[in-house]
$ cat work-v2.csv   # CSV, C-alpha atoms and all ligand atoms
chain,number,residue,atom,x,y,z
P,1,MET,CA,59.4,129.1,31.9
P,2,ILE,CA,63.1,128.7,32.6
P,3,ASP,CA,65.3,131.0,34.6
P,4,ILE,CA,69.0,130.9,33.6
P,5,HIS,CA,70.3,133.3,36.2
P,6,CYS,CA,69.3,132.7,39.8
P,7,HIS,CA,71.2,133.0,43.2
P,8,ILE,CA,69.2,130.3,44.9
P,9,LEU,CA,71.9,128.0,46.3
P,10,PRO,CA,72.0,128.7,50.0
P,11,GLY,CA,75.0,130.1,51.8
P,12,LEU,CA,77.3,130.5,48.9
P,13,ASP,CA,77.0,134.2,47.9
P,14,ASP,CA,74.7,137.2,48.5
P,15,GLY,CA,71.7,135.1,47.4
P,16,ALA,CA,69.6,132.7,49.5
P,17,ASP,CA,70.8,132.6,53.1
P,18,ASP,CA,69.6,129.1,53.9
P,19,GLU,CA,67.5,126.2,52.7
P,20,ASP,CA,64.3,127.8,54.0
P,21,GLU,CA,64.9,130.9,51.9
P,22,ALA,CA,65.7,128.7,48.9
P,23,LEU,CA,62.4,127.0,49.4
P,24,ARG,CA,60.5,130.3,49.6
P,25,MET,CA,62.2,131.4,46.4
P,26,ALA,CA,61.3,128.1,44.6
P,27,SER,CA,57.7,128.5,45.7
P,28,ILE,CA,57.5,132.0,44.2
P,29,ALA,CA,59.1,130.7,41.0
P,30,VAL,CA,56.6,127.9,40.7
P,31,SER,CA,53.7,130.3,41.3
P,32,ASP,CA,55.0,132.4,38.5
P,33,GLY,CA,55.2,129.5,36.1
P,34,ILE,CA,58.9,128.8,36.3
P,35,LYS,CA,59.7,125.1,36.2
P,36,TYR,CA,63.5,125.1,35.9
P,37,ALA,CA,66.3,127.4,37.0
P,38,ILE,CA,70.1,127.4,36.6
P,39,ALA,CA,71.7,128.2,39.9
P,40,THR,CA,74.4,130.8,39.3
P,41,PRO,CA,76.3,131.8,42.4
P,42,HIS,CA,78.9,134.5,42.0
P,43,VAL,CA,82.3,133.1,41.2
P,44,LEU,CA,85.4,135.3,41.3
P,45,THR,CA,88.0,132.9,42.6
P,46,PRO,CA,88.4,129.1,42.6
P,47,SER,CA,87.5,129.1,46.3
P,48,LEU,CA,83.9,128.1,45.3
P,49,SER,CA,84.5,124.7,43.6
P,50,PRO,CA,82.3,123.3,40.8
P,51,GLU,CA,81.9,120.2,43.0
P,52,GLU,CA,80.5,122.3,45.9
P,53,ILE,CA,78.0,123.8,43.4
P,54,ARG,CA,76.9,120.4,42.2
P,55,ILE,CA,76.5,119.0,45.7
P,56,LYS,CA,74.3,122.0,46.7
P,57,VAL,CA,72.2,121.6,43.5
P,58,GLU,CA,71.6,117.9,44.3
P,59,SER,CA,70.7,118.6,47.8
P,60,LEU,CA,68.3,121.4,46.9
P,61,ASN,CA,66.5,119.3,44.3
P,62,THR,CA,66.1,116.6,46.9
P,63,LEU,CA,64.6,119.2,49.2
P,64,PHE,CA,62.2,120.5,46.5
P,65,ASN,CA,61.1,116.9,45.8
P,66,HIS,CA,60.5,116.3,49.5
P,67,HIS,CA,58.3,119.4,49.7
P,68,GLY,CA,56.4,118.4,46.5
P,69,LEU,CA,57.6,121.4,44.5
P,70,ASP,CA,57.6,120.8,40.8
P,71,PHE,CA,60.8,122.8,40.4
P,72,GLU,CA,64.4,121.7,39.5
P,73,VAL,CA,67.7,123.5,39.5
P,74,PHE,CA,70.7,122.9,37.4
P,75,PRO,CA,74.4,123.8,38.1
P,76,GLY,CA,76.0,126.9,36.8
P,77,ALA,CA,77.8,130.1,37.9
P,78,GLU,CA,78.0,133.8,37.3
P,79,VAL,CA,81.6,134.3,36.6
P,80,GLY,CA,83.0,137.8,37.2
P,81,PHE,CA,84.9,139.6,34.4
P,82,TYR,CA,88.1,139.7,36.5
P,83,SER,CA,87.9,136.2,37.9
P,84,ASP,CA,91.2,134.3,38.0
P,85,LEU,CA,89.9,130.8,37.2
P,86,SER,CA,92.1,128.3,35.3
P,87,ASN,CA,89.2,126.0,34.7
P,88,PHE,CA,86.3,128.1,33.2
P,89,ASP,CA,84.8,125.1,31.6
P,90,HIS,CA,83.9,123.6,35.0
P,91,TYR,CA,81.7,126.6,35.7
P,92,HIS,CA,79.7,126.5,32.4
P,93,LEU,CA,75.9,126.4,32.6
P,94,ASN,CA,74.8,122.8,33.2
P,95,GLY,CA,78.0,121.5,31.8
P,96,GLY,CA,77.3,122.8,28.3
P,97,PRO,CA,79.3,125.3,26.2
P,98,TYR,CA,77.8,128.4,27.8
P,99,LEU,CA,79.6,130.6,30.4
P,100,LEU,CA,77.6,133.4,32.1
P,101,LEU,CA,79.9,136.4,32.3
P,102,GLU,CA,79.3,139.5,34.5
P,103,PHE,CA,80.9,142.8,33.7
P,104,PRO,CA,81.7,145.3,36.5
P,105,HIS,CA,78.6,147.5,37.1
P,106,GLY,CA,80.5,150.7,36.4
P,107,GLN,CA,82.4,151.2,33.2
P,108,LEU,CA,83.0,148.5,30.6
P,109,PRO,CA,86.5,147.3,31.1
P,110,PRO,CA,88.8,148.6,28.3
P,111,THR,CA,89.9,145.0,27.8
P,112,ALA,CA,86.4,143.7,27.3
P,113,ALA,CA,86.7,142.8,23.6
P,114,GLU,CA,90.1,141.2,24.1
P,115,ARG,CA,88.9,139.1,27.1
P,116,ILE,CA,85.8,138.0,25.3
P,117,SER,CA,87.8,136.8,22.3
P,118,LEU,CA,90.1,134.8,24.6
P,119,LEU,CA,87.2,133.2,26.4
P,120,LEU,CA,85.6,132.2,23.0
P,121,ARG,CA,88.4,129.9,22.3
P,122,ASP,CA,87.9,126.1,22.5
P,123,GLY,CA,84.3,126.4,21.3
P,124,ARG,CA,83.0,128.2,24.4
P,125,LYS,CA,80.0,130.5,24.1
P,126,LEU,CA,79.3,133.5,26.3
P,127,ILE,CA,76.2,134.9,27.8
P,128,LEU,CA,76.7,138.5,29.0
P,129,ALA,CA,74.8,139.0,32.3
P,130,HIS,CA,72.5,142.0,32.4
P,131,PRO,CA,74.7,144.5,30.4
P,132,GLU,CA,71.8,146.9,30.5
P,133,ARG,CA,72.8,147.7,34.1
P,134,ASN,CA,76.3,148.7,33.1
P,135,GLU,CA,76.9,152.5,33.1
P,136,SER,CA,78.9,152.5,29.9
P,137,VAL,CA,76.1,150.5,28.1
P,138,ILE,CA,73.4,152.8,29.5
P,139,MET,CA,75.3,155.9,28.3
P,140,GLU,CA,76.0,154.3,24.9
P,141,PRO,CA,74.1,151.0,24.2
P,142,LYS,CA,75.7,150.7,20.8
P,143,ARG,CA,79.0,149.9,22.5
P,144,LEU,CA,77.5,146.5,23.3
P,145,LEU,CA,77.1,145.9,19.5
P,146,ASP,CA,80.9,145.6,19.2
P,147,LEU,CA,80.9,142.8,21.8
P,148,VAL,CA,78.0,140.6,20.8
P,149,GLY,CA,78.4,138.2,18.0
P,150,PRO,CA,77.5,134.6,16.8
P,151,ASN,CA,78.8,133.1,20.1
P,152,VAL,CA,78.1,136.0,22.5
P,153,PHE,CA,74.6,136.4,23.8
P,154,VAL,CA,72.8,138.9,25.9
P,155,GLN,CA,70.7,138.2,29.0
P,156,ILE,CA,68.8,141.1,30.5
P,157,SER,CA,67.2,141.1,34.0
P,158,ALA,CA,63.4,140.9,34.5
P,159,GLY,CA,63.6,143.8,36.9
P,160,SER,CA,65.3,146.0,34.3
P,161,LEU,CA,62.2,145.7,32.1
P,162,THR,CA,59.8,146.3,35.0
P,163,GLY,CA,61.6,149.5,36.1
P,164,GLU,CA,63.1,148.1,39.3
P,165,PHE,CA,66.5,149.5,38.5
P,166,GLY,CA,65.2,152.9,37.4
P,167,PRO,CA,64.3,154.6,34.2
P,168,ASP,CA,67.7,154.6,32.6
P,169,VAL,CA,68.2,150.9,32.9
P,170,GLN,CA,64.7,150.3,31.7
P,171,ARG,CA,65.2,152.4,28.6
P,172,CYS,CA,68.4,150.6,27.9
P,173,ALA,CA,66.8,147.2,28.3
P,174,MET,CA,64.0,148.3,25.9
P,175,TYR,CA,66.5,149.5,23.4
P,176,LEU,CA,68.4,146.2,23.4
P,177,LEU,CA,65.1,144.3,22.9
P,178,LYS,CA,64.1,146.5,20.0
P,179,GLN,CA,67.6,146.0,18.4
P,180,LYS,CA,67.0,142.2,18.7
P,181,MET,CA,70.1,141.9,20.8
P,182,VAL,CA,68.5,140.0,23.7
P,183,SER,CA,68.4,136.2,23.8
P,184,PHE,CA,67.3,135.7,27.4
P,185,ILE,CA,65.3,137.4,30.2
P,186,ALA,CA,66.3,136.0,33.6
P,187,THR,CA,65.5,137.0,37.2
P,188,ASP,CA,68.9,137.3,38.7
P,189,ALA,CA,66.9,136.6,41.9
P,190,HIS,CA,68.7,137.0,45.2
P,191,SER,CA,66.0,136.2,47.7
P,192,SER,CA,62.2,135.9,48.2
P,193,HIS,CA,61.8,139.6,48.9
P,194,HIS,CA,64.8,141.4,47.3
P,195,ARG,CA,64.6,140.7,43.5
P,196,PRO,CA,62.4,137.6,43.8
P,197,PRO,CA,62.3,134.9,41.0
P,198,VAL,CA,59.5,136.3,38.9
P,199,LEU,CA,59.6,136.4,35.1
P,200,SER,CA,56.0,136.9,34.0
P,201,LYS,CA,55.7,140.6,34.6
P,202,ALA,CA,58.8,141.3,32.5
P,203,VAL,CA,57.6,139.0,29.7
P,204,LYS,CA,54.4,141.1,29.5
P,205,VAL,CA,56.5,144.3,29.2
P,206,ALA,CA,58.7,142.6,26.6
P,207,ALA,CA,55.7,141.4,24.6
P,208,LYS,CA,54.6,145.0,24.0
P,209,VAL,CA,58.0,145.7,22.4
P,210,ILE,CA,58.8,142.5,20.5
P,211,GLY,CA,55.5,140.6,20.4
P,212,LYS,CA,54.2,137.8,22.6
P,213,ASP,CA,55.8,134.9,20.8
P,214,THR,CA,59.3,136.3,20.7
P,215,ALA,CA,59.0,137.5,24.3
P,216,LYS,CA,58.1,134.0,25.3
P,217,GLN,CA,61.0,132.5,23.4
P,218,LEU,CA,63.4,134.4,25.7
P,219,VAL,CA,62.1,132.5,28.8
P,220,THR,CA,61.3,129.2,27.3
P,221,THR,CA,62.9,127.8,24.1
P,222,ASN,CA,66.1,129.8,24.3
P,223,PRO,CA,66.8,128.9,27.9
P,224,MET,CA,66.0,125.3,27.3
P,225,GLN,CA,68.8,125.2,24.6
P,226,ILE,CA,71.2,126.3,27.4
P,227,ILE,CA,70.1,123.5,29.7
P,228,ASP,CA,70.5,121.0,26.9
P,229,GLY,CA,73.8,122.5,25.8
P,230,LEU,CA,72.5,123.3,22.3
P,231,ARG,CA,72.8,126.2,19.9
P,232,VAL,CA,70.4,129.1,20.6
P,301,FE,FE,73.6,137.6,39.3

$ encode --input "work-v2.csv" --output "structure tokens"
Amino acid sequence: MIDIHCHILPGLDDGADDEDEALRMASIAVSDGIKYAIATPHVLTPSLSPEEIRIKVESLNTLFNHHGLDFEVFPGAEVGFYSDLSNFDHYHLNGGPYLLLEFPHGQLPPTAAERISLLLRDGRKLILAHPERNESVIMEPKRLLDLVGPNVFVQISAGSLTGEFGPDVQRCAMYLLKQKMVSFIATDAHSSHHRPPVLSKAVKVAAKVIGKDTAKQLVTTNPMQIIDGLRV
């Protein structure tokens, strides 16, 4: 399996604190059957440079290799809706056309559609990070329908499906799955104990709703297209 949303790079955000914690997260991921992950630290300002992300990714991969872990991370970022970047392209997932975009957790911004259409210029594609956890979407999931399109995809969190964010978020995640609006399930892991990098439990839940093969696609073939920079 492949995880396209993971806060495993140490010391950059509220994810892994240090390399030991990143190693523990990688071990959990490997035990769960995850082979690749895209490292997606929170980015709101240009203070975290794409170069710094790349250097951390390289050094983590060397560390995993040194410890005999069959696990590899790729560079990426989780870009905040209100981020003031001038070079969004540099924060795309593994240098491909996809940008992982995070809405505020409260209400959907009134400018969401406008912002999305601006970001779609120049051939960029968007992945909306866990919209099932957004209050506006929970209250009225159909609002998301107005935002998704041929180049706007939805990633839901594994924990949303397994009930870790409560019944309202779980219900919303199930609804989005049933509506065939979900292209990816990802861990959004932050540590080895708080939201660990585990996908398998969520895949089992999803399989009951959309079938085993489609559920698997959300953590295998679809994410692989992102790593390869290809069309989902
Ligand atoms: Fe995240």

$ closest_residue --input "work-v2.csv" --among "P:Arg124, P:His105, P:Arg115, P:His190" --to "ligand FE 301 (chain P)" --atoms "all atoms listed in the file"
P:His190

$ residues_around --input "work-v2.csv" --residues "segment 140-145 of chain P" --least-positions-apart "3" --cutoff "9 Å" --atoms "all atoms listed in the file" --output "list of chain:residue names"
P:Pro131, P:Glu132, P:Glu135, P:Ser136, P:Val137, P:Val148, P:Gly149, P:Cys172, P:Tyr175, P:Leu176, P:Met181

$ closest_atom_pairs --input "work-v2.csv" --of "chain P" --to "ligand FE 301 (chain P)" --cutoff "7 Å" --atoms "only C-alpha atoms and all ligand atoms" --output "tab-separated table"
residue	atom	partner	partner_atom	distance
P:His5	CA	P:FE301	FE	6.2
P:Cys6	CA	P:FE301	FE	6.5
P:His7	CA	P:FE301	FE	6.5
P:Thr40	CA	P:FE301	FE	6.8
P:His42	CA	P:FE301	FE	6.7
P:Glu78	CA	P:FE301	FE	6.1
P:Asp188	CA	P:FE301	FE	4.7

$ residues_around --input "work-v2.csv" --residues "segment 200-209 of chain P" --least-positions-apart "4" --cutoff "9 Å" --atoms "only C-alpha atoms" --output "PyMOL selection string"
chain P and resi 1+32-34+157-162+174+177-178+185+213-216+218-219

$ residues_around --input "work-v2.csv" --residues "Ile4 of chain P" --least-positions-apart "5" --cutoff "12 Å" --atoms "all atoms listed in the file" --output "number ranges by chain"
P: 34-41, 72-78, 92-94, 98-100, 127-130, 154-158, 183-189, 197, 199, 218-227

$ closest_residue --input "work-v2.csv" --among "P:Gln179, P:Phe153, P:Thr111, P:Ala29" --to "Asp3 of chain P" --atoms "only C-alpha atoms"
P:Ala29

$ residues_around --input "work-v2.csv" --residues "Pro104 of chain P" --least-positions-apart "5" --cutoff "8 Å" --atoms "all atoms listed in the file" --output "CSV table (one decimal) with C-alpha atoms, in the frame of the given file"
chain,number,residue,atom,x,y,z
P,80,GLY,CA,83.0,137.8,37.2
P,81,PHE,CA,84.9,139.6,34.4
P,109,PRO,CA,86.5,147.3,31.1
P,134,ASN,CA,76.3,148.7,33.1

$ residues_around --input "work-v2.csv" --residues "Gly11 of chain P" --least-positions-apart "5" --cutoff "12 Å" --atoms "only C-alpha atoms" --output "ChimeraX atom specification"
/P:16-22,41-42,48,52-53,56,190-191

$ write_last_selection --input "work-v2.csv" --atoms "C-alpha atoms" --output "PDB file, in the frame of the given file"
ATOM      1  CA  ALA P  16      69.600 132.700  49.500  1.00  0.00           C
ATOM      2  CA  ASP P  17      70.800 132.600  53.100  1.00  0.00           C
ATOM      3  CA  ASP P  18      69.600 129.100  53.900  1.00  0.00           C
ATOM      4  CA  GLU P  19      67.500 126.200  52.700  1.00  0.00           C
ATOM      5  CA  ASP P  20      64.300 127.800  54.000  1.00  0.00           C
ATOM      6  CA  GLU P  21      64.900 130.900  51.900  1.00  0.00           C
ATOM      7  CA  ALA P  22      65.700 128.700  48.900  1.00  0.00           C
ATOM      8  CA  PRO P  41      76.300 131.800  42.400  1.00  0.00           C
ATOM      9  CA  HIS P  42      78.900 134.500  42.000  1.00  0.00           C
ATOM     10  CA  LEU P  48      83.900 128.100  45.300  1.00  0.00           C
ATOM     11  CA  GLU P  52      80.500 122.300  45.900  1.00  0.00           C
ATOM     12  CA  ILE P  53      78.000 123.800  43.400  1.00  0.00           C
ATOM     13  CA  LYS P  56      74.300 122.000  46.700  1.00  0.00           C
ATOM     14  CA  HIS P 190      68.700 137.000  45.200  1.00  0.00           C
ATOM     15  CA  SER P 191      66.000 136.200  47.700  1.00  0.00           C
TER      16      SER P 191
END

$ atom_distance --input "work-v2.csv" --atom1 "atom CA of Leu119 of chain P" --atom2 "atom CA of Gly96 of chain P"
14.5 Å
